[in-house]
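**Q** Quick one: this structure, given as structure tokens, is what I'll be asking you about.
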Amino acid sequence: MSQAATMPAPPPTRLPRHLAVIMDGNGRWAQRRNRPRTLGHRAGAKAVQVCVDYCLARGIGALTLFAFSSENWNRPEEEVGALMKLFLRMLDSEVGELQRRGVRLSFIGDRSGFPETIQTRMAQAEQHPPAQPCLALNIAVGYGGRWDITQACRSLAGDVAAGRLAPGDITETLLGERISLAGLPSPDLFIRTGGDLRISNFLLWQLAYTELWFTETLWPDLDDAVLDAAMAAFADRERRFGLTSAQVAGGAT
Ligand code: FPP
């Protein structure tokens, strides 16, 4: 066997600073085992740990996970109820340990439809962030990209109505400051598991220049090898942000 065949693959030279993930395939994972969909969500919660551990180990500074969309409220009542129970259990069991490991937790989305207990736990989890966070973990709940753009517009419109802002002063930068995840770099890499090739109303504004990567792997089957494959694909991409290759090679970004 040649030496190259025994050598581990070199780590990618370029890692995303911010990873955004649609965690899809929990239901199918369970159905393939003739088990209820809710079991798939419980298995999915374990995969969240895999993903967080991966980001912490590699120094990826921000991770945004789509846990519950605005549209997910329309799922069968039993499934929504089971997801609420799971969220509450995770908030109770994981938050302390995450904070000890330097994770700063934030929730984005419209929380108003969530039970009071969950809303309170989410607010508590956001208090007392670690002094020196090594990972910003953002959980999207009751979230929709269109909702996000709408709430940012509504906030700006409020300023206009109050005379604090002229319509002509509204810029992309100003709107970007009112949108969820303001203050973080935009996601560099988006991953969707479960085989579907769409963005499903996730971070519509924030994903404008994000590299997209899709895998057939169902979310509960996520492991380091899948994430390594995503990182390798990302490292190979040329990010031009509308420039030419020559400009990028010349360091014009
Ligand atoms: C999509 O799979 C997944 C969800 C709607 C829920 C995601 C929740 C978790 C992974 C567990 C908790 C996580 C956190 C961060 C609190 P699906 O049900 O649409 O799967 P399918 O496409 O196979 O039906």
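Residue names in the structure tokens use chain letters A, B, ... in the order shown, residue numbers from 1 in each chain, and ligand numbers from 1 in the order shown.
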Go through the chains and note each residue within 6 Å of ligand 1, using only C-alpha atoms and all ligand atoms, then give the set as a PyMOL selection string.

**A** chain A and resi 23-28+41+44-45+67-68+87+139

**Q** Kindly export the residues of the current selection with C-alpha atoms, as a CSV table (one decimal), in the first residue's frame.

**A**
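New file out_7.csv:
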chain,number,residue,atom,x,y,z
A,23,MET,CA,-31.8,19.2,9.7
A,24,ASP,CA,-34.2,17.2,7.5
A,25,GLY,CA,-35.0,13.5,7.4
A,26,ASN,CA,-36.0,12.7,11.0
A,27,GLY,CA,-39.4,11.4,10.0
A,28,ARG,CA,-38.2,9.2,7.2
A,41,HIS,CA,-36.8,13.7,16.2
A,44,GLY,CA,-32.2,14.0,15.5
A,45,ALA,CA,-31.5,15.6,18.9
A,67,ALA,CA,-35.3,23.4,14.4
A,68,PHE,CA,-38.9,24.4,13.8
A,87,PHE,CA,-37.4,21.2,23.0
A,139,ILE,CA,-31.6,27.8,17.0

**Q** If we count only C-alpha atoms, what is near A:Arg100 at a cut-off of 12 Å, once residues fewer than 6 positions away on the same chain are taken out, given as number ranges by chain?

**A** A: 94, 128-135

**Q** With distances taken over only C-alpha atoms, which of A:Gly176, A:Pro185, A:Gly242, A:Pro16 is nearest to A:Arg58?

**A**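 Residue with the minimum atom-to-atom distance to A:Arg58: A:Pro16.
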
**Q** Could you write out, as a PDB file with C-alpha atoms, in the first residue's frame, all the residues of stretch 166-207 of chain A that DSSP marks as alpha helix (DSSP H)?

**A**
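Contents of states.pdb, as written:
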ATOM      1  CA  GLU A 172     -29.269  47.164   2.715  1.00  0.00           C
ATOM      2  CA  THR A 173     -26.953  47.709   5.677  1.00  0.00           C
ATOM      3  CA  LEU A 174     -29.719  49.219   7.776  1.00  0.00           C
ATOM      4  CA  LEU A 175     -32.160  46.416   6.939  1.00  0.00           C
ATOM      5  CA  GLY A 176     -29.404  43.869   7.614  1.00  0.00           C
ATOM      6  CA  GLU A 177     -29.022  45.322  11.105  1.00  0.00           C
ATOM      7  CA  ARG A 178     -32.692  44.573  11.895  1.00  0.00           C
TER       8      ARG A 178
END

**Q** Looking at A:Gln31, A:Asn201, A:Ser112, A:Gln124, which one is nearest to A:Leu91, with distances taken over only C-alpha atoms?

**A**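 Among the listed residues, the smallest separation from A:Leu91 belongs to A:Gln124.
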
**Q** Do a neighbour search on stretch 221-230 of chain A at 10 Å with only C-alpha atoms, toss out local chain neighbours closer than 2 positions, and write the hits as a ChimeraX atom specification.

**A** /A:9,11-12,15,23,25-26,29,43-44,46-48,50-51,53-55,189-191,193-194,212-215,217-219,232-235

**Q** Using DSSP on the backbone coordinates, identify all residues within stretch 97-153 of chain A classified as strand (DSSP E); present the result as a PyMOL selection string.

**A** chain A and resi 103-108+135-143

**Q** Which residue is closest to A:Thr210? Choose from A:Val80, A:Arg198, A:Asp188, A:Leu88 and count only C-alpha atoms.

**A**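 So, comparing all the options, the nearest one is A:Asp188.
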
**Q** Mind giving me the straight-line distance from atom CA of A:Arg104 to atom CA of A:Asn138 in Å, one decimal?

**A** 8.2 Å

**Q** Return the single residue from A:Asp169, A:Thr38, A:Ile179, A:Gly61 that is closest to A:Ala152, with distances computed using only C-alpha atoms.

**A**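 Looking only at the distances to A:Ala152, the closest residue turns out to be A:Ile179.
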
**Q** How many Å separate atom CA of A:Glu126 from atom CA of A:Gly96?

**A**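 Atom CA of A:Gly96 lies at a distance of 11.2 Å from atom CA of A:Glu126.
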
**Q** Under the rule that only C-alpha atoms are counted, which of A:Ala125, A:Cys153, A:Ile108, A:Ala82 is the nearest residue to A:Leu203?

**A**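 Ranking A:Ala125, A:Cys153, A:Ile108, A:Ala82 by distance to A:Leu203, first place goes to A:Ile108.
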
**Q** Please compute the atom CA of A:Gly144-atom CA of A:Glu116 distance, one decimal, in Å.

**A**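 Atom-to-atom, atom CA of A:Gly144 to atom CA of A:Glu116, that is 20.6 Å.
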